[in-house]
>>> print(open('run_6.cif').read())   # mmCIF, C-alpha atoms and all ligand atoms
data_run
loop_
_atom_site.label_atom_id
_atom_site.label_comp_id
_atom_site.auth_asym_id
_atom_site.auth_seq_id
_atom_site.Cartn_x
_atom_site.Cartn_y
_atom_site.Cartn_z
CA MET A 1 47.39 11.08 15.78
CA LYS A 2 45.83 11.53 12.38
CA LYS A 3 44.81 7.88 12.38
CA ILE A 4 43.08 8.17 15.75
CA ALA A 5 41.23 11.27 14.60
CA LEU A 6 40.08 9.44 11.49
CA ILE A 7 38.89 6.41 13.45
CA THR A 8 37.01 8.69 15.88
CA LEU A 9 35.45 10.48 12.95
CA LEU A 10 34.42 7.23 11.26
CA THR A 11 32.90 5.89 14.49
CA ALA A 12 30.98 9.11 14.93
CA VAL A 13 29.73 8.91 11.36
CA SER A 14 28.53 5.32 11.77
CA LEU A 15 26.75 6.22 15.03
CA PHE A 16 25.01 9.26 13.64
CA ALA A 17 24.56 8.31 10.01
CA LYS A 18 20.97 7.55 9.22
CA VAL A 19 19.88 4.29 7.64
CA ASN A 20 18.76 5.14 4.12
CA VAL A 21 15.52 3.32 3.37
CA ALA A 22 13.39 3.28 0.23
CA THR A 23 9.84 1.98 0.35
CA THR A 24 7.90 1.35 -2.81
CA TYR A 25 4.65 2.84 -1.45
CA ALA A 26 3.77 5.72 0.84
CA TYR A 27 2.00 3.67 3.53
CA LEU A 28 5.18 1.59 3.99
CA GLY A 29 7.18 4.82 4.17
CA LYS A 30 4.98 6.13 7.00
CA ILE A 31 5.21 2.87 8.98
CA THR A 32 9.01 2.91 8.55
CA GLU A 33 9.23 6.54 9.73
CA HIS A 34 7.23 5.66 12.85
CA ILE A 35 9.54 2.75 13.70
CA GLY A 36 12.82 4.28 12.52
CA GLY A 37 12.27 7.75 13.97
CA LYS A 38 15.36 9.94 13.80
CA TYR A 39 17.66 7.07 12.82
CA VAL A 40 16.26 6.54 9.33
CA HIS A 41 15.82 8.58 6.19
CA VAL A 42 12.92 7.35 4.08
CA ASP A 43 12.39 7.79 0.33
CA VAL A 44 9.05 6.71 -1.16
CA LEU A 45 9.31 5.57 -4.79
CA ALA A 46 5.68 5.58 -5.97
CA ASP A 47 3.56 8.72 -6.28
CA PRO A 48 0.38 7.87 -4.31
CA LYS A 49 -1.74 9.74 -6.86
CA ARG A 50 -0.71 7.34 -9.64
CA ASP A 51 -1.49 3.77 -10.60
CA PRO A 52 0.48 1.62 -8.10
CA HIS A 53 0.96 -1.19 -10.65
CA PHE A 54 2.85 0.95 -13.15
CA ILE A 55 5.19 3.57 -11.71
CA VAL A 56 7.13 5.59 -14.28
CA PRO A 57 10.84 4.67 -13.84
CA ARG A 58 12.25 8.20 -13.55
CA PRO A 59 16.09 8.53 -13.38
CA SER A 60 15.76 10.20 -9.95
CA LEU A 61 14.38 6.91 -8.60
CA ILE A 62 17.48 5.06 -9.83
CA GLY A 63 19.68 7.66 -8.10
CA LYS A 64 17.81 7.09 -4.83
CA LEU A 65 18.03 3.30 -5.10
CA ARG A 66 21.81 3.55 -5.54
CA ARG A 67 22.15 5.19 -2.11
CA GLU A 68 19.80 3.00 -0.06
CA ASP A 69 20.80 0.60 2.71
CA LEU A 70 17.36 -1.00 2.75
CA LEU A 71 14.50 -1.44 0.29
CA ILE A 72 11.06 -2.32 1.63
CA ILE A 73 8.51 -3.55 -0.89
CA ASN A 74 4.82 -4.47 -0.69
CA GLY A 75 5.35 -7.68 -2.67
CA GLY A 76 2.56 -9.96 -3.82
CA GLN A 77 3.72 -8.98 -7.33
CA LEU A 78 2.36 -5.43 -7.02
CA GLU A 79 5.75 -4.03 -8.09
CA ILE A 80 6.45 -6.63 -10.77
CA GLY A 81 5.57 -4.25 -13.63
CA TRP A 82 8.00 -1.48 -12.66
CA LEU A 83 10.54 -2.28 -9.95
CA PRO A 84 12.79 -4.97 -11.52
CA PRO A 85 14.25 -2.70 -14.28
CA LEU A 86 14.85 0.07 -11.72
CA LEU A 87 16.74 -2.32 -9.43
CA LYS A 88 18.77 -3.54 -12.37
CA SER A 89 19.74 0.01 -13.37
CA ALA A 90 20.54 1.03 -9.79
CA ASN A 91 22.79 -2.03 -9.42
CA ASN A 92 23.03 -1.68 -5.62
CA PRO A 93 24.17 -5.06 -4.21
CA LYS A 94 22.89 -4.16 -0.70
CA ILE A 95 19.22 -4.10 -1.70
CA ARG A 96 19.12 -6.98 -4.16
CA VAL A 97 16.31 -9.51 -3.73
CA GLY A 98 17.33 -11.95 -1.01
CA GLN A 99 19.99 -9.66 0.51
CA LYS A 100 19.90 -8.29 4.07
CA GLY A 101 18.87 -4.88 2.72
CA PHE A 102 15.74 -6.19 0.99
CA LEU A 103 12.39 -6.72 2.69
CA ASP A 104 9.15 -7.96 1.13
CA VAL A 105 6.32 -7.43 3.65
CA SER A 106 3.80 -9.69 1.89
CA GLY A 107 5.31 -12.66 3.75
CA VAL A 108 3.38 -11.75 6.92
CA ILE A 109 0.04 -11.35 5.12
CA GLU A 110 -2.40 -13.99 4.05
CA MET A 111 -3.27 -12.93 0.51
CA ILE A 112 -6.86 -13.15 -0.70
CA ASN A 113 -8.32 -13.79 -4.19
CA LYS A 114 -5.59 -16.30 -4.97
CA PRO A 115 -6.30 -17.86 -8.37
CA GLN A 116 -6.61 -21.65 -8.45
CA ASN A 117 -4.15 -21.70 -11.30
CA VAL A 118 -2.16 -18.99 -13.07
CA SER A 119 -4.02 -17.99 -16.19
CA ARG A 120 -4.76 -14.93 -18.28
CA ALA A 121 -8.42 -15.62 -17.51
CA TYR A 122 -7.74 -13.77 -14.24
CA GLY A 123 -6.67 -10.62 -16.09
CA ASP A 124 -3.32 -9.01 -16.75
CA ILE A 125 -2.35 -8.26 -13.16
CA HIS A 126 -2.55 -10.01 -9.77
CA PRO A 127 -1.39 -13.44 -11.00
CA GLY A 128 -0.67 -14.48 -7.40
CA GLY A 129 -3.71 -13.04 -5.64
CA ASN A 130 -4.74 -9.57 -4.47
CA PRO A 131 -1.68 -7.52 -3.42
CA HIS A 132 -3.60 -4.48 -2.08
CA PHE A 133 -3.48 -5.53 1.59
CA GLY A 134 -2.10 -2.16 2.72
CA ILE A 135 -5.64 -0.78 2.52
CA ASP A 136 -6.64 -2.71 5.67
CA VAL A 137 -5.52 -1.02 8.89
CA HIS A 138 -5.36 -4.39 10.65
CA ASN A 139 -2.43 -5.38 8.42
CA VAL A 140 -0.33 -2.47 9.67
CA LEU A 141 0.53 -4.32 12.92
CA PRO A 142 2.28 -7.40 11.44
CA ILE A 143 3.99 -5.22 8.81
CA ALA A 144 5.29 -2.80 11.47
CA GLN A 145 6.68 -5.67 13.52
CA LEU A 146 8.49 -7.07 10.49
CA ILE A 147 9.97 -3.66 9.62
CA ALA A 148 11.15 -3.19 13.23
CA LEU A 149 12.93 -6.56 13.15
CA LYS A 150 14.62 -5.65 9.89
CA LEU A 151 15.78 -2.23 11.17
CA GLU A 152 17.18 -3.91 14.30
CA GLN A 153 19.10 -6.30 12.05
CA ILE A 154 20.42 -3.58 9.71
CA ASP A 155 21.28 -1.12 12.50
CA PRO A 156 21.80 -3.04 15.77
CA ALA A 157 23.28 0.05 17.46
CA HIS A 158 19.76 1.51 17.67
CA ALA A 159 17.80 -1.71 18.23
CA ASP A 160 16.41 -0.48 21.57
CA ALA A 161 15.04 2.67 19.97
CA TYR A 162 13.34 0.68 17.20
CA ALA A 163 11.78 -1.70 19.72
CA LYS A 164 10.51 1.22 21.81
CA ASN A 165 9.13 3.05 18.76
CA LEU A 166 7.39 -0.15 17.69
CA LYS A 167 5.68 -0.47 21.07
CA ASN A 168 4.42 3.12 20.96
CA PHE A 169 3.25 2.70 17.38
CA GLN A 170 1.43 -0.55 18.22
CA VAL A 171 -0.48 1.20 21.02
CA GLN A 172 -1.44 4.07 18.71
CA MET A 173 -2.53 1.73 15.90
CA GLN A 174 -4.46 -0.58 18.22
CA GLU A 175 -6.44 2.44 19.47
CA LEU A 176 -7.22 3.43 15.90
CA ILE A 177 -8.24 -0.13 14.96
CA THR A 178 -10.60 -0.40 17.93
CA LYS A 179 -12.15 2.96 17.08
CA LEU A 180 -12.60 2.18 13.37
CA ASP A 181 -13.94 -1.36 14.00
CA ALA A 182 -16.65 0.14 16.23
CA LYS A 183 -17.40 2.88 13.72
CA MET A 184 -17.80 0.36 10.89
CA ARG A 185 -20.11 -2.06 12.71
CA PRO A 186 -23.36 -0.43 11.51
CA CYS A 187 -22.20 -0.80 7.89
CA ARG A 188 -21.68 -4.58 7.94
CA GLY A 189 -23.39 -6.20 4.97
CA LYS A 190 -23.39 -2.96 2.93
CA LYS A 191 -23.03 -3.73 -0.78
CA VAL A 192 -20.53 -1.91 -2.97
CA VAL A 193 -18.97 -1.92 -6.41
CA GLU A 194 -15.34 -0.85 -6.96
CA TYR A 195 -13.38 0.04 -10.07
CA HIS A 196 -10.38 -2.21 -9.38
CA ALA A 197 -9.87 -4.70 -6.55
CA LEU A 198 -8.07 -2.04 -4.48
CA TYR A 199 -10.30 -2.13 -1.43
CA ASP A 200 -11.09 -5.84 -0.92
CA TYR A 201 -9.04 -6.24 2.27
CA ALA A 202 -10.83 -3.31 3.94
CA LEU A 203 -14.24 -4.56 2.74
CA ARG A 204 -13.52 -8.00 4.16
CA ALA A 205 -12.24 -6.62 7.46
CA TYR A 206 -15.37 -4.51 7.95
CA GLY A 207 -17.86 -7.04 6.59
CA LEU A 208 -18.91 -5.10 3.48
CA VAL A 209 -19.87 -7.02 0.35
CA ARG A 210 -18.24 -6.42 -3.02
CA VAL A 211 -20.87 -7.16 -5.65
CA GLY A 212 -18.68 -6.45 -8.67
CA THR A 213 -15.92 -4.43 -10.28
CA ILE A 214 -16.14 -1.86 -13.08
CA GLU A 215 -13.17 -3.60 -14.71
CA PRO A 216 -14.23 -6.97 -16.08
CA LEU A 217 -10.93 -8.45 -14.78
CA PRO A 218 -7.95 -6.91 -12.96
CA GLY A 219 -6.17 -4.57 -15.39
CA ILE A 220 -8.75 -4.91 -18.17
CA THR A 221 -10.57 -1.77 -19.41
CA PRO A 222 -14.36 -1.85 -18.98
CA SER A 223 -16.42 -2.94 -21.98
CA SER A 224 -19.96 -1.72 -22.63
CA ARG A 225 -21.26 -5.28 -22.30
CA HIS A 226 -19.69 -5.70 -18.87
CA THR A 227 -20.90 -2.23 -17.76
CA LEU A 228 -24.51 -3.06 -18.71
CA GLN A 229 -24.30 -6.40 -16.88
CA LEU A 230 -22.95 -4.60 -13.83
CA ILE A 231 -25.78 -2.04 -13.93
CA ASN A 232 -28.34 -4.87 -14.00
CA LEU A 233 -26.60 -6.68 -11.17
CA MET A 234 -26.45 -3.51 -9.06
CA ARG A 235 -30.16 -2.86 -9.61
CA ALA A 236 -31.02 -6.45 -8.70
CA LYS A 237 -28.88 -6.40 -5.54
CA GLY A 238 -29.67 -2.81 -4.52
CA VAL A 239 -26.05 -1.54 -4.60
CA LYS A 240 -25.88 2.16 -3.75
CA LEU A 241 -22.14 2.81 -3.45
CA ILE A 242 -19.41 2.88 -6.11
CA LEU A 243 -15.79 3.06 -4.92
CA GLN A 244 -13.62 5.03 -7.31
CA ASP A 245 -9.86 5.54 -6.98
CA VAL A 246 -7.98 8.65 -8.09
CA TYR A 247 -6.13 7.26 -11.09
CA HIS A 248 -8.69 5.40 -13.24
CA GLU A 249 -11.06 7.24 -15.60
CA LYS A 250 -14.20 8.37 -13.84
CA LYS A 251 -16.78 8.51 -16.59
CA THR A 252 -17.80 4.85 -16.39
CA ALA A 253 -18.51 5.19 -12.65
CA ARG A 254 -20.54 8.35 -13.31
CA PHE A 255 -22.54 6.59 -16.05
CA ILE A 256 -23.26 3.62 -13.78
CA ALA A 257 -24.25 5.98 -10.94
CA GLU A 258 -26.70 7.76 -13.24
CA LYS A 259 -28.32 4.48 -14.29
CA THR A 260 -28.53 2.96 -10.80
CA GLY A 261 -28.92 5.94 -8.47
CA ALA A 262 -25.74 4.86 -6.66
CA LYS A 263 -23.30 7.36 -5.21
CA VAL A 264 -19.65 7.54 -6.32
CA VAL A 265 -17.07 8.04 -3.57
CA ILE A 266 -13.37 8.65 -4.16
CA LEU A 267 -11.22 6.51 -1.88
CA PRO A 268 -7.46 6.88 -1.41
CA HIS A 269 -5.52 3.72 -2.28
CA ASP A 270 -2.38 4.89 -0.48
CA VAL A 271 -1.37 7.48 2.09
CA GLY A 272 -1.64 10.87 0.37
CA SER A 273 -3.67 9.78 -2.68
CA VAL A 274 -6.32 12.40 -1.90
CA PRO A 275 -6.06 15.62 0.13
CA GLY A 276 -6.57 14.89 3.83
CA SER A 277 -5.10 11.36 3.73
CA GLU A 278 -1.47 12.32 4.39
CA THR A 279 -0.90 10.38 7.61
CA LEU A 280 -1.65 6.73 8.46
CA VAL A 281 -4.36 7.79 10.92
CA LYS A 282 -5.99 10.17 8.42
CA PHE A 283 -5.72 7.62 5.60
CA TYR A 284 -7.39 4.73 7.44
CA THR A 285 -9.96 7.04 9.05
CA MET A 286 -10.90 8.47 5.65
CA ILE A 287 -11.39 4.98 4.18
CA ALA A 288 -13.71 4.02 7.04
CA GLU A 289 -15.61 7.31 6.91
CA ARG A 290 -16.15 7.17 3.19
CA LEU A 291 -17.19 3.49 3.24
CA CYS A 292 -19.67 4.03 6.05
CA ARG A 293 -21.33 7.39 5.74
ZN ZN A 301 -4.27 -4.25 -8.41
#
>>> encode(input="run_6.cif", output="structure tokens", more="lines below")
Ligand SMILES: [Zn+2]
Amino acid sequence: MKKIALITLLTAVSLFAKVNVATTYAYLGKITEHIGGKYVHVDVLADPKRDPHFIVPRPSLIGKLRREDLLIINGGQLEIGWLPPLLKSANNPKIRVGQKGFLDVSGVIEMINKPQNVSRAYGDIHPGGNPHFGIDVHNVLPIAQLIALKLEQIDPAHADAYAKNLKNFQVQMQELITKLDAKMRPCRGKKVVEYHALYDYALRAYGLVRVGTIEPLPGITPSSRHTLQLINLMRAKGVKLILQDVYHEKKTARFIAEKTGAKVVILPHDVGSVPGSETLVKFYTMIAERLCR
């Protein structure tokens, strides 16, 4: 009798227990929540207000990683500077690289700015190309499909629900994409400068032109020589917009704006980086609005 009760209890637990998922970044967490619905619990590791390349490895993150059934990462080496030691400390065999409970979404994205050869001449970060593809709303669709497949594999009991949620999400995202593409059309060809190569995928998708970066190379602090060259270039090309993120220093952008008459806009680099960007729709809408005012 006791045994039957225990088996019933265990079956009930496995049917109602949520899949514990960690995502490295907030945008991946939101996509996962849309697909997983009530069958998943999502923890986001990185604070969207901080530098995504270097997340502080707090002990609470290790505790979370110990409990997860699935870890979803951006990949493209964006997490290389902070995630490996956390995974080592958490020592959770389920979410090890290559295991069923590990998913790198960069596999469904064609990365841009790939260096011809790996060299420090390309800066300290992005040795394998630009990993900031989450900034482009068009990339949400292939990523969502990949996450749905993985959830179906991890939790086949709820595969139908994941497939249905994916369909609804695809419809919602396609509507947003169509709306934003139309909104951005008048801004094609607009020239901009950005601090770090955070926004390249969105610029490419909407046909904007990146004339330069405030950093001389990815991960390298601006020098006065590079700043003066950039000011001259911006004057020559008529650049009137500087894209600034929330976590780099802002005084260089302000100085350049003063010298060139360009405007500085703060853009979120992840869902929730700035107030009013807390959902996927708000995040991608804000990027489009601020790029094309
Ligand atoms: Zn970067």
>>> residues_around(input="run_6.cif", residues="A:Ala262", least_positions_apart="6", cutoff="7 Å", atoms="all atoms listed in the file", output="list in words")
Val239, Lys240, Leu241 and Ile242 of chain A
>>> residues_near_ligand(input="run_6.cif", ligand="ligand ZN 301 (chain A)", cutoff="8 Å", atoms="all atoms listed in the file", output="PyMOL selection string")
chain A and resi 52-53+78+125-126+130-132+196-198+218-219
>>> axis_aligned_box(input="run_6.cif", around="stretch 249-266 of chain A", padding_each_side="4 Å", output="lines of an AutoDock Vina configuration file")
center_x = -20.0
center_y = 5.8
center_z = -10.1
size_x = 25.9
size_y = 13.7
size_z = 21.0
>>> atom_distance(input="run_6.cif", atom1="atom CA of A:Arg188", atom2="atom CA of A:Gly207")
4.7 Å
>>> atom_distance(input="run_6.cif", atom1="atom CA of A:Gly272", atom2="atom CA of A:Thr32")
15.6 Å
>>> residues_around(input="run_6.cif", residues="stretch 281-283 of chain A", least_positions_apart="4", cutoff="8 Å", atoms="only C-alpha atoms", output="MDAnalysis selection string")
chainID A and resid 176 268 270:272 276:277 287
>>> closest_residue(input="run_6.cif", among="A:Tyr39, A:Phe133, A:Phe169, A:Phe255", to="A:Leu280", atoms="all atoms listed in the file")
A:Phe169
>>> closest_residue(input="run_6.cif", among="A:Asp51, A:Glu110, A:Glu33, A:Glu278", to="A:Leu166", atoms="only C-alpha atoms")
A:Glu33
>>> closest_residue(input="run_6.cif", among="A:Ala257, A:Ile109, A:His269, A:Pro127", to="A:Leu217", atoms="only C-alpha atoms")
A:Pro127
>>> residues_near_point(input="run_6.cif", point="(-19.0, -6.0, -8.4)", cutoff="9 Å", atoms="all atoms listed in the file", output="compact mmCIF listing (two decimals) with C-alpha atoms, in the coordinates of the input")
# COMPACT_ATOMS: atom_id res chain seq x y z
CA LYS A 191 -23.03 -3.73 -0.78
CA VAL A 192 -20.53 -1.91 -2.97
CA VAL A 193 -18.97 -1.92 -6.41
CA GLU A 194 -15.34 -0.85 -6.96
CA TYR A 195 -13.38 0.04 -10.07
CA VAL A 209 -19.87 -7.02 0.35
CA ARG A 210 -18.24 -6.42 -3.02
CA VAL A 211 -20.87 -7.16 -5.65
CA GLY A 212 -18.68 -6.45 -8.67
CA THR A 213 -15.92 -4.43 -10.28
CA ILE A 214 -16.14 -1.86 -13.08
CA GLU A 215 -13.17 -3.60 -14.71
CA LEU A 230 -22.95 -4.60 -13.83
CA LEU A 233 -26.60 -6.68 -11.17
CA MET A 234 -26.45 -3.51 -9.06
>>> closest_residue(input="run_6.cif", among="A:Asp245, A:Gly36, A:Pro57, A:Ile231", to="A:Asn168", atoms="all atoms listed in the file")
A:Gly36
>>> residues_near_point(input="run_6.cif", point="(-1.1, -4.6, 5.3)", cutoff="10 Å", atoms="only C-alpha atoms", output="short mmCIF file (atom, residue, chain, number, x, y, z; two decimals) with C-alpha atoms, keeping the file's coordinate frame")
data_model
loop_
_atom_site.label_atom_id
_atom_site.label_comp_id
_atom_site.auth_asym_id
_atom_site.auth_seq_id
_atom_site.Cartn_x
_atom_site.Cartn_y
_atom_site.Cartn_z
CA TYR A 27 2.00 3.67 3.53
CA LEU A 28 5.18 1.59 3.99
CA ASN A 74 4.82 -4.47 -0.69
CA VAL A 105 6.32 -7.43 3.65
CA SER A 106 3.80 -9.69 1.89
CA VAL A 108 3.38 -11.75 6.92
CA ILE A 109 0.04 -11.35 5.12
CA GLU A 110 -2.40 -13.99 4.05
CA MET A 111 -3.27 -12.93 0.51
CA PRO A 131 -1.68 -7.52 -3.42
CA HIS A 132 -3.60 -4.48 -2.08
CA PHE A 133 -3.48 -5.53 1.59
CA GLY A 134 -2.10 -2.16 2.72
CA ILE A 135 -5.64 -0.78 2.52
CA ASP A 136 -6.64 -2.71 5.67
CA VAL A 137 -5.52 -1.02 8.89
CA HIS A 138 -5.36 -4.39 10.65
CA ASN A 139 -2.43 -5.38 8.42
CA VAL A 140 -0.33 -2.47 9.67
CA LEU A 141 0.53 -4.32 12.92
CA PRO A 142 2.28 -7.40 11.44
CA ILE A 143 3.99 -5.22 8.81
CA ALA A 144 5.29 -2.80 11.47
CA TYR A 201 -9.04 -6.24 2.27
CA ALA A 202 -10.83 -3.31 3.94
#
>>> atom_distance(input="run_6.cif", atom1="atom CA of A:Ala26", atom2="atom CA of A:Pro48")
6.5 Å
>>> closest_residue(input="run_6.cif", among="A:Arg185, A:His34, A:Arg225, A:Arg235", to="A:Ala148", atoms="all atoms listed in the file")
A:His34
